[in-house]
file my_file_28.cif (mmCIF, C-alpha atoms)
data_final
#
loop_
_atom_site.label_atom_id
_atom_site.label_comp_id
_atom_site.auth_asym_id
_atom_site.auth_seq_id
_atom_site.Cartn_x
_atom_site.Cartn_y
_atom_site.Cartn_z
CA MET A 1 -1.24 16.79 5.59
CA PRO A 2 -2.83 16.36 9.05
CA ILE A 3 -0.54 14.67 11.60
CA PHE A 4 -1.21 14.06 15.30
CA TYR A 5 1.70 13.70 17.72
CA GLY A 6 1.16 13.13 21.39
CA SER A 7 -0.47 11.10 24.12
CA GLY A 8 -3.52 13.03 25.34
CA ALA A 9 -6.90 11.36 24.86
CA LEU A 10 -8.76 14.68 24.73
CA GLU A 11 -6.39 16.12 22.14
CA LEU A 12 -6.68 12.93 20.11
CA ASN A 13 -10.48 13.06 20.23
CA GLY A 14 -10.40 16.60 18.90
CA PHE A 15 -8.02 15.66 16.10
CA ILE A 16 -10.11 12.65 15.07
CA GLU A 17 -13.27 14.74 15.06
CA GLU A 18 -11.65 17.40 12.89
CA TYR A 19 -9.92 14.97 10.52
CA THR A 20 -12.35 12.12 10.00
CA PRO A 21 -11.36 10.19 6.84
CA THR A 22 -14.78 10.36 5.17
CA LYS A 23 -15.07 14.09 5.89
CA ALA A 24 -11.51 15.05 4.94
CA PRO A 25 -11.39 15.60 1.17
CA TYR A 26 -8.21 14.87 -0.74
CA SER A 27 -8.44 18.22 -2.50
CA GLN A 28 -8.26 20.10 0.81
CA PHE A 29 -6.07 17.98 3.09
CA GLY A 30 -3.90 15.96 0.72
CA PRO A 31 -3.71 12.18 0.46
CA LEU A 32 -3.10 11.02 4.05
CA ILE A 33 -3.91 11.49 7.74
CA TYR A 34 -1.43 10.30 10.38
CA ILE A 35 -1.66 9.46 14.07
CA LYS A 36 1.89 9.08 15.46
CA LYS A 37 3.33 8.11 18.83
CA ASP A 38 6.21 10.53 18.42
CA ARG A 39 8.32 12.43 15.89
CA SER A 40 10.97 9.75 15.33
CA ARG A 41 11.84 8.62 11.80
CA LEU A 42 13.13 5.13 12.49
CA GLY A 43 13.07 2.89 9.43
CA LEU A 44 13.15 5.72 6.89
CA PRO A 45 16.09 6.91 4.76
CA THR A 46 18.05 9.67 6.43
CA SER A 47 18.55 11.68 3.24
CA ALA A 48 17.01 12.27 -0.17
CA ARG A 49 20.14 10.78 -1.71
CA GLN A 50 19.78 7.54 0.24
CA ASN A 51 16.09 7.40 -0.69
CA SER A 52 16.92 7.88 -4.38
CA ARG A 53 19.63 5.22 -4.36
CA ALA A 54 17.28 2.68 -2.80
CA LEU A 55 14.57 3.34 -5.39
CA ILE A 56 16.99 3.17 -8.31
CA GLU A 57 18.34 -0.15 -7.10
CA GLY A 58 14.84 -1.46 -6.45
CA GLN A 59 13.66 -0.51 -9.93
CA ARG A 60 16.66 -2.29 -11.42
CA ILE A 61 15.77 -5.49 -9.54
CA LEU A 62 12.15 -5.31 -10.70
CA GLU A 63 13.15 -4.71 -14.32
CA GLU A 64 15.53 -7.67 -14.25
CA ALA A 65 12.79 -9.89 -12.84
CA LYS A 66 10.33 -8.63 -15.46
CA SER A 67 12.79 -9.35 -18.27
CA LYS A 68 13.42 -12.84 -16.94
CA LEU A 69 9.70 -13.60 -16.78
CA LEU A 70 9.08 -12.32 -20.29
CA ARG A 71 11.99 -14.35 -21.65
CA ASP A 72 10.43 -17.41 -20.03
CA GLY A 73 7.21 -16.78 -21.91
CA MET A 74 4.93 -15.42 -19.21
CA HIS A 75 2.95 -13.43 -21.78
CA GLU A 76 2.01 -16.65 -23.56
CA HIS A 77 0.01 -17.68 -20.50
CA THR A 78 -1.34 -14.37 -19.25
CA GLY A 79 -2.16 -12.78 -22.58
CA ASP A 80 -0.49 -9.58 -21.46
CA PRO A 81 3.29 -9.14 -21.37
CA LYS A 82 2.86 -6.40 -18.78
CA ASP A 83 1.07 -8.70 -16.36
CA TYR A 84 4.09 -9.84 -14.37
CA SER A 85 2.18 -9.99 -11.09
CA TYR A 86 0.77 -13.35 -12.18
CA ASN A 87 2.31 -16.23 -10.24
CA GLY A 88 0.37 -19.26 -11.37
CA THR A 89 3.25 -21.28 -12.81
CA SER A 90 5.69 -22.98 -10.46
CA ARG A 91 8.74 -22.32 -12.63
CA TRP A 92 8.21 -18.57 -12.22
CA LYS A 93 7.88 -18.63 -8.45
CA PRO A 94 11.66 -18.70 -7.83
CA VAL A 95 11.95 -15.49 -9.85
CA PHE A 96 9.36 -13.76 -7.66
CA ALA A 97 10.96 -15.11 -4.48
CA LYS A 98 14.47 -14.03 -5.53
CA CYS A 99 13.18 -10.58 -6.46
CA LYS A 100 11.47 -10.20 -3.08
CA ASP A 101 14.60 -11.28 -1.19
CA GLU A 102 16.76 -8.82 -3.13
CA LEU A 103 14.31 -5.98 -2.53
CA GLN A 104 14.30 -6.78 1.18
CA GLN A 105 18.08 -6.55 1.29
CA VAL A 106 18.04 -3.19 -0.49
CA ALA A 107 15.47 -1.91 2.01
CA ILE A 108 17.60 -3.01 4.95
CA ASP A 109 20.81 -1.65 3.44
CA HIS A 110 19.24 1.77 2.89
CA ASN A 111 17.23 1.94 6.13
CA PHE A 112 13.94 1.84 4.22
CA THR A 113 12.10 -0.69 6.37
CA TYR A 114 9.14 1.42 7.55
CA GLY A 115 5.77 -0.12 6.75
CA GLY A 116 3.06 -2.24 8.27
CA TRP A 117 -0.29 -3.99 8.30
CA PHE A 118 -2.77 -2.57 5.82
CA ASP A 119 -6.24 -3.06 4.48
CA ILE A 120 -8.62 -1.50 1.97
CA VAL A 121 -11.82 -0.49 3.73
CA ARG A 122 -15.23 0.77 2.65
CA TRP A 123 -16.28 4.35 3.34
CA ASP A 124 -19.02 3.31 5.79
CA LYS A 125 -16.57 1.31 7.95
CA ILE A 126 -13.39 3.35 7.92
CA ASP A 127 -14.16 6.09 10.47
CA ASP A 128 -14.89 3.71 13.33
CA LEU A 129 -11.89 1.50 12.60
CA TYR A 130 -9.59 4.52 12.29
CA SER A 131 -10.78 5.93 15.63
CA ARG A 132 -10.39 2.65 17.50
CA LEU A 133 -6.91 1.97 16.16
CA ALA A 134 -5.81 5.55 16.85
CA HIS A 135 -6.87 5.33 20.50
CA SER A 136 -5.25 1.91 20.78
CA LEU A 137 -1.95 3.32 19.51
CA ILE A 138 -1.89 6.33 21.82
CA ASN A 139 -3.44 4.94 25.00
CA GLY A 140 -4.30 1.29 24.39
CA PRO A 141 -2.79 -2.12 23.64
CA LEU A 142 -1.03 -1.05 20.43
CA LYS A 143 0.99 1.42 22.49
CA ASN A 144 2.93 -1.50 24.00
CA THR A 145 3.99 -2.89 20.62
CA ARG A 146 6.39 -1.70 17.92
CA ALA A 147 3.52 0.03 16.12
CA HIS A 148 4.50 3.65 15.49
CA SER A 149 1.65 5.26 13.57
CA ILE A 150 -1.76 4.89 11.97
CA ARG A 151 -2.09 6.11 8.38
CA VAL A 152 -5.37 6.47 6.52
CA THR A 153 -6.25 7.94 3.15
CA THR A 154 -8.56 10.90 2.75
CA THR A 155 -11.78 10.91 0.74
CA GLY A 156 -11.51 11.01 -3.03
CA HIS A 157 -7.96 9.68 -3.26
CA PRO A 158 -7.23 9.46 -7.01
CA ARG A 159 -5.43 6.11 -6.77
CA LEU A 160 -8.28 4.29 -5.04
CA PRO A 161 -11.72 3.20 -6.22
CA ARG A 162 -14.52 5.54 -5.25
CA GLY A 163 -15.70 5.02 -1.69
CA MET A 164 -12.60 3.10 -0.56
CA HIS A 165 -9.82 3.97 1.88
CA THR A 166 -6.56 2.31 2.83
CA ILE A 167 -5.55 2.15 6.48
CA CYS A 168 -2.17 1.01 7.80
CA VAL A 169 -0.67 0.30 11.21
CA LEU A 170 2.96 1.21 10.63
CA MET A 171 6.15 -0.02 12.30
CA PRO A 172 9.81 1.03 12.01
CA ASP A 173 10.73 -2.40 10.61
CA SER A 174 8.07 -4.23 8.63
CA PHE A 175 10.57 -7.04 7.90
CA ASP A 176 10.85 -7.86 11.63
CA ARG A 177 8.84 -11.05 12.01
CA GLU A 178 8.40 -10.95 15.78
CA ALA A 179 7.46 -7.26 15.88
CA SER A 180 5.00 -7.73 13.03
CA LYS A 181 3.49 -10.77 14.73
CA ARG A 182 3.02 -8.91 18.01
CA VAL A 183 1.24 -6.01 16.31
CA LEU A 184 -0.97 -8.42 14.39
CA GLU A 185 -1.87 -10.26 17.60
CA VAL A 186 -3.20 -7.03 19.07
CA LEU A 187 -5.11 -6.17 15.89
CA VAL A 188 -6.72 -9.60 15.75
CA LYS A 189 -7.23 -10.44 19.43
CA TYR A 190 -8.10 -7.00 20.82
CA HIS A 191 -9.75 -5.36 17.85
CA GLY A 192 -11.08 -8.24 15.76
CA TRP A 193 -9.47 -6.68 12.69
CA VAL A 194 -7.82 -8.95 10.13
CA PRO A 195 -5.67 -6.88 7.76
CA GLU A 196 -4.81 -7.85 4.21
CA GLY A 197 -1.05 -8.01 4.63
CA CYS A 198 2.11 -6.30 5.86
CA LYS A 199 3.84 -4.13 3.28
CA PRO A 200 6.94 -1.90 3.45
CA ASP A 201 6.66 1.68 2.22
CA PHE A 202 9.67 0.88 0.02
CA PHE A 203 7.50 -1.54 -1.95
CA LEU A 204 4.81 1.12 -2.29
CA GLU A 205 7.36 3.57 -3.67
CA LEU A 206 8.25 0.92 -6.26
CA ASN A 207 4.56 0.75 -7.24
CA LEU A 208 3.92 -2.62 -5.58
CA THR A 209 0.79 -1.00 -4.23
CA HIS A 210 -1.90 -2.09 -1.78
CA ILE A 211 -3.95 -3.39 -4.71
CA HIS A 212 -1.08 -5.38 -6.21
CA GLN A 213 -2.34 -8.85 -7.12
CA ALA A 214 0.68 -10.95 -6.10
CA ARG A 215 0.33 -10.43 -2.34
CA GLU A 216 2.69 -13.27 -1.50
CA TYR A 217 5.55 -11.43 -3.18
CA SER A 218 4.55 -7.80 -2.58
CA CYS A 219 4.06 -8.18 1.20
CA THR A 220 6.48 -9.20 3.91
CA PHE A 221 3.84 -11.17 5.83
CA ALA A 222 0.17 -12.15 5.70
CA PRO A 223 -2.11 -12.93 8.66
CA ASN A 224 -2.09 -16.61 7.70
CA ASN A 225 1.64 -16.71 8.41
CA PHE A 226 0.75 -16.43 12.11
CA PHE A 227 -2.86 -17.60 12.53
CA THR A 228 -5.01 -20.33 11.05
CA THR A 229 -7.97 -19.35 8.91
CA ARG A 230 -10.31 -20.52 11.66
CA GLU A 231 -8.53 -18.44 14.30
CA LEU A 232 -8.79 -15.35 12.12
CA HIS A 233 -12.46 -15.98 11.43
CA ASP A 234 -13.30 -16.57 15.09
CA ALA A 235 -11.46 -13.45 16.28
CA LYS A 236 -13.06 -11.28 13.63
CA PHE A 237 -16.61 -12.31 14.37
CA THR A 238 -16.26 -12.71 18.14
CA LEU A 239 -14.50 -9.48 19.11
CA ALA A 240 -15.30 -6.96 16.40
CA PRO A 241 -18.32 -4.66 16.80
CA ARG A 242 -20.94 -4.90 14.09
CA SER A 243 -19.70 -1.64 12.59
CA VAL A 244 -16.36 -3.15 11.56
CA LEU A 245 -17.20 -6.79 10.90
CA ARG A 246 -16.69 -6.32 7.17
CA SER A 247 -14.12 -3.55 7.33
CA SER A 248 -11.26 -5.77 6.24
CA THR A 249 -12.89 -6.94 3.01
CA PRO A 250 -10.68 -5.85 0.08
CA PHE A 251 -12.52 -3.82 -2.53
CA SER A 252 -11.75 -6.38 -5.23
CA ARG A 253 -13.76 -9.05 -3.41
CA GLY A 254 -16.07 -6.93 -1.28
CA PRO A 255 -19.47 -5.38 -1.91
CA LYS A 256 -19.73 -2.35 -4.13
CA PRO A 257 -19.71 1.01 -2.31
CA ASN A 258 -22.96 2.87 -1.84
CA PRO A 259 -23.27 5.41 -4.68
CA ARG A 260 -24.63 7.92 -2.17
CA GLN A 261 -21.48 7.92 -0.07
CA PRO A 262 -19.76 11.30 0.38
CA THR A 263 -16.96 12.24 -2.00
#

call {"tool": "encode", "arguments": {"input": "my_file_28.cif", "output": "C-alpha cells"}}
result
Amino acid sequence: MPIFYGSGALELNGFIEEYTPTKAPYSQFGPLIYIKKDRSRLGLPTSARQNSRALIEGQRILEEAKSKLLRDGMHEHTGDPKDYSYNGTSRWKPVFAKCKDELQQVAIDHNFTYGGWFDIVRWDKIDDLYSRLAHSLINGPLKNTRAHSIRVTTTGHPRLPRGMHTICVLMPDSFDREASKRVLEVLVKYHGWVPEGCKPDFFLELNLTHIHQAREYSCTFAPNNFFTTRELHDAKFTLAPRSVLRSSTPFSRGPKPNPRQPT
C-alpha cells in the first residue's frame, strides 16, 4: 500500500505522479493510497486486542439497536427487515441517536477516534482533488490544522461502483468538533471542496460505510453543521477550479461515470 511521509514538495510531486489514483490499480497496489504528515498513530488502538474489543462492543450495540427497531415494526414500513438505516419515523430516531452516542463512547474508550471528512468522487475529478489536498496537507493551509493524512482509494476497488473513488482528510479525533470544523473551513474556504460528511474509521470497521444511507447517524458531523447551504454553494462555485466543481457529488446522486474511463 503506497504511503508518503515527509514534507518535501519535490518528493511529494514524485509520489503523486507515481501513485495517481486513476492509474494505480487495486490489483497491483491494494485498496488505498496515503499522504501522511508523519508516522504517528494518534487516535488508533494501540494493540490488536484493543481493536478487537472495540469492534466486538460496537457490533453488540448495533445488534441491540437493530433488534429494537425490528421489534418496533420497522420492517412493516420499509418492506425489508434488514433495512435498518431508514430513519423516516420519529419514534425510531431516539434509537439511532442512542446507538450513535454509545458507539462514540466505545470509540473514545478504546482510542479509536481516527477518521475525517470524506467524499465519493468521479474518476475524472479525483486526481486533481487528490493532488491539491495532498500539497495542502504537506505545505499548505491544511498543514496548520489537525488534519493528519489524505487517503484515497485506488482504481477498481471492489467495494465501490465502477469509476468512483473515496477520498478522506483524516484527523486523530474525528469526534472533536472544533478540530473538525477547522479542517472543514480550510477545505471549503481555501479549496472550494464540500465533503459529504465526517466519519470515524471505527464506524467503517463496523460496516457503516461511506455509502451508508443514514448519514446523520453514521457520521460525526456534516458540512451543514457548520455552514449554511448558501455558504457552501458560494464557496464551492467561487473558489473551486472547473476541474473539481462537481467532485463532491456522491455517486448515488451524481452523473453516471463515463464507460470509457480506465479500470

call {"tool": "resolve_selection", "arguments": {"input": "my_file_28.cif", "expression": "the PyMOL selection byres ((chain A and resi 204) around 12)", "output": "PyMOL selection string"}}
result
chain A and resi 55+58-59+103+107+112-116+118+198-203+205-212+218-219

call {"tool": "atom_distance", "arguments": {"input": "my_file_28.cif", "atom1": "CA of Ile150 in chain A", "atom2": "CA of Ile35 in chain A"}}
result
5.0 Å

call {"tool": "closest_residue", "arguments": {"input": "my_file_28.cif", "among": "A:Pro161, A:Pro223, A:Pro172, A:Gly6", "to": "Glu196 in chain A", "atoms": "all atoms listed in the file"}}
result
A:Pro223

call {"tool": "atom_distance", "arguments": {"input": "my_file_28.cif", "atom1": "CA of Arg182 in chain A", "atom2": "CA of Thr145 in chain A"}}
result
6.6 Å

call {"tool": "resolve_selection", "arguments": {"input": "my_file_28.cif", "expression": "the PyMOL selection byres ((chain A and resi 153) around 8)", "output": "VMD selection string"}}
result
chain A and resid 21 31 to 33 151 to 152 154 to 155 157 165 to 167

call {"tool": "build_atoms", "arguments": {"input": "my_file_28.cif", "residues": "range 105-134 of chain A", "atoms": "N, CA and C atoms", "output": "PDB file, keeping the file's coordinate frame"}}
result
ATOM      1  N   GLN A 105      16.713  -6.905   0.938  1.00  0.00           N
ATOM      2  CA  GLN A 105      18.080  -6.550   1.290  1.00  0.00           C
ATOM      3  C   GLN A 105      18.379  -5.092   0.973  1.00  0.00           C
ATOM      4  N   VAL A 106      17.859  -4.604  -0.145  1.00  0.00           N
ATOM      5  CA  VAL A 106      18.040  -3.190  -0.490  1.00  0.00           C
ATOM      6  C   VAL A 106      17.380  -2.311   0.573  1.00  0.00           C
ATOM      7  N   ALA A 107      16.174  -2.682   0.983  1.00  0.00           N
ATOM      8  CA  ALA A 107      15.470  -1.910   2.010  1.00  0.00           C
ATOM      9  C   ALA A 107      16.261  -1.849   3.306  1.00  0.00           C
ATOM     10  N   ILE A 108      16.814  -2.973   3.713  1.00  0.00           N
ATOM     11  CA  ILE A 108      17.600  -3.010   4.950  1.00  0.00           C
ATOM     12  C   ILE A 108      18.881  -2.207   4.803  1.00  0.00           C
ATOM     13  N   ASP A 109      19.552  -2.359   3.668  1.00  0.00           N
ATOM     14  CA  ASP A 109      20.810  -1.650   3.440  1.00  0.00           C
ATOM     15  C   ASP A 109      20.632  -0.134   3.460  1.00  0.00           C
ATOM     16  N   HIS A 110      19.474   0.330   3.002  1.00  0.00           N
ATOM     17  CA  HIS A 110      19.240   1.770   2.890  1.00  0.00           C
ATOM     18  C   HIS A 110      18.284   2.297   3.970  1.00  0.00           C
ATOM     19  N   ASN A 111      18.072   1.503   5.015  1.00  0.00           N
ATOM     20  CA  ASN A 111      17.230   1.940   6.130  1.00  0.00           C
ATOM     21  C   ASN A 111      15.836   2.356   5.660  1.00  0.00           C
ATOM     22  N   PHE A 112      15.245   1.533   4.798  1.00  0.00           N
ATOM     23  CA  PHE A 112      13.940   1.840   4.220  1.00  0.00           C
ATOM     24  C   PHE A 112      12.968   0.719   4.598  1.00  0.00           C
ATOM     25  N   THR A 113      12.860   0.456   5.891  1.00  0.00           N
ATOM     26  CA  THR A 113      12.100  -0.690   6.370  1.00  0.00           C
ATOM     27  C   THR A 113      10.727  -0.324   6.934  1.00  0.00           C
ATOM     28  N   TYR A 114      10.413   0.963   6.991  1.00  0.00           N
ATOM     29  CA  TYR A 114       9.140   1.420   7.550  1.00  0.00           C
ATOM     30  C   TYR A 114       7.971   0.853   6.741  1.00  0.00           C
ATOM     31  N   GLY A 115       6.939   0.433   7.427  1.00  0.00           N
ATOM     32  CA  GLY A 115       5.770  -0.120   6.750  1.00  0.00           C
ATOM     33  C   GLY A 115       4.905  -0.847   7.765  1.00  0.00           C
ATOM     34  N   GLY A 116       3.877  -1.545   7.299  1.00  0.00           N
ATOM     35  CA  GLY A 116       3.060  -2.240   8.270  1.00  0.00           C
ATOM     36  C   GLY A 116       1.817  -2.888   7.710  1.00  0.00           C
ATOM     37  N   TRP A 117       0.941  -3.272   8.632  1.00  0.00           N
ATOM     38  CA  TRP A 117      -0.290  -3.990   8.300  1.00  0.00           C
ATOM     39  C   TRP A 117      -1.304  -3.049   7.679  1.00  0.00           C
ATOM     40  N   PHE A 118      -1.862  -3.449   6.556  1.00  0.00           N
ATOM     41  CA  PHE A 118      -2.770  -2.570   5.820  1.00  0.00           C
ATOM     42  C   PHE A 118      -4.040  -3.306   5.422  1.00  0.00           C
ATOM     43  N   ASP A 119      -5.016  -2.516   5.052  1.00  0.00           N
ATOM     44  CA  ASP A 119      -6.240  -3.060   4.480  1.00  0.00           C
ATOM     45  C   ASP A 119      -6.898  -1.991   3.634  1.00  0.00           C
ATOM     46  N   ILE A 120      -7.818  -2.411   2.784  1.00  0.00           N
ATOM     47  CA  ILE A 120      -8.620  -1.500   1.970  1.00  0.00           C
ATOM     48  C   ILE A 120     -10.044  -1.608   2.485  1.00  0.00           C
ATOM     49  N   VAL A 121     -10.600  -0.483   2.930  1.00  0.00           N
ATOM     50  CA  VAL A 121     -11.820  -0.490   3.730  1.00  0.00           C
ATOM     51  C   VAL A 121     -12.879   0.416   3.101  1.00  0.00           C
ATOM     52  N   ARG A 122     -14.117  -0.012   3.179  1.00  0.00           N
ATOM     53  CA  ARG A 122     -15.230   0.770   2.650  1.00  0.00           C
ATOM     54  C   ARG A 122     -15.450   2.053   3.430  1.00  0.00           C
ATOM     55  N   TRP A 123     -16.051   3.036   2.747  1.00  0.00           N
ATOM     56  CA  TRP A 123     -16.280   4.350   3.340  1.00  0.00           C
ATOM     57  C   TRP A 123     -17.157   4.296   4.592  1.00  0.00           C
ATOM     58  N   ASP A 124     -18.108   3.354   4.651  1.00  0.00           N
ATOM     59  CA  ASP A 124     -19.020   3.310   5.790  1.00  0.00           C
ATOM     60  C   ASP A 124     -18.441   2.539   6.979  1.00  0.00           C
ATOM     61  N   LYS A 125     -17.219   2.037   6.861  1.00  0.00           N
ATOM     62  CA  LYS A 125     -16.570   1.310   7.950  1.00  0.00           C
ATOM     63  C   LYS A 125     -15.300   1.993   8.450  1.00  0.00           C
ATOM     64  N   ILE A 126     -14.738   2.874   7.640  1.00  0.00           N
ATOM     65  CA  ILE A 126     -13.390   3.350   7.920  1.00  0.00           C
ATOM     66  C   ILE A 126     -13.308   4.252   9.148  1.00  0.00           C
ATOM     67  N   ASP A 127     -14.276   5.124   9.374  1.00  0.00           N
ATOM     68  CA  ASP A 127     -14.160   6.090  10.470  1.00  0.00           C
ATOM     69  C   ASP A 127     -14.071   5.411  11.828  1.00  0.00           C
ATOM     70  N   ASP A 128     -14.904   4.408  12.047  1.00  0.00           N
ATOM     71  CA  ASP A 128     -14.890   3.710  13.330  1.00  0.00           C
ATOM     72  C   ASP A 128     -13.589   2.950  13.532  1.00  0.00           C
ATOM     73  N   LEU A 129     -13.140   2.261  12.494  1.00  0.00           N
ATOM     74  CA  LEU A 129     -11.890   1.500  12.600  1.00  0.00           C
ATOM     75  C   LEU A 129     -10.714   2.432  12.856  1.00  0.00           C
ATOM     76  N   TYR A 130     -10.658   3.523  12.125  1.00  0.00           N
ATOM     77  CA  TYR A 130      -9.590   4.520  12.290  1.00  0.00           C
ATOM     78  C   TYR A 130      -9.558   5.064  13.723  1.00  0.00           C
ATOM     79  N   SER A 131     -10.712   5.389  14.275  1.00  0.00           N
ATOM     80  CA  SER A 131     -10.780   5.930  15.630  1.00  0.00           C
ATOM     81  C   SER A 131     -10.318   4.909  16.658  1.00  0.00           C
ATOM     82  N   ARG A 132     -10.762   3.673  16.521  1.00  0.00           N
ATOM     83  CA  ARG A 132     -10.390   2.650  17.500  1.00  0.00           C
ATOM     84  C   ARG A 132      -8.902   2.335  17.460  1.00  0.00           C
ATOM     85  N   LEU A 133      -8.339   2.255  16.266  1.00  0.00           N
ATOM     86  CA  LEU A 133      -6.910   1.970  16.160  1.00  0.00           C
ATOM     87  C   LEU A 133      -6.073   3.148  16.649  1.00  0.00           C
ATOM     88  N   ALA A 134      -6.534   4.362  16.387  1.00  0.00           N
ATOM     89  CA  ALA A 134      -5.810   5.550  16.850  1.00  0.00           C
ATOM     90  C   ALA A 134      -5.742   5.579  18.376  1.00  0.00           C
TER      91      ALA A 134
END
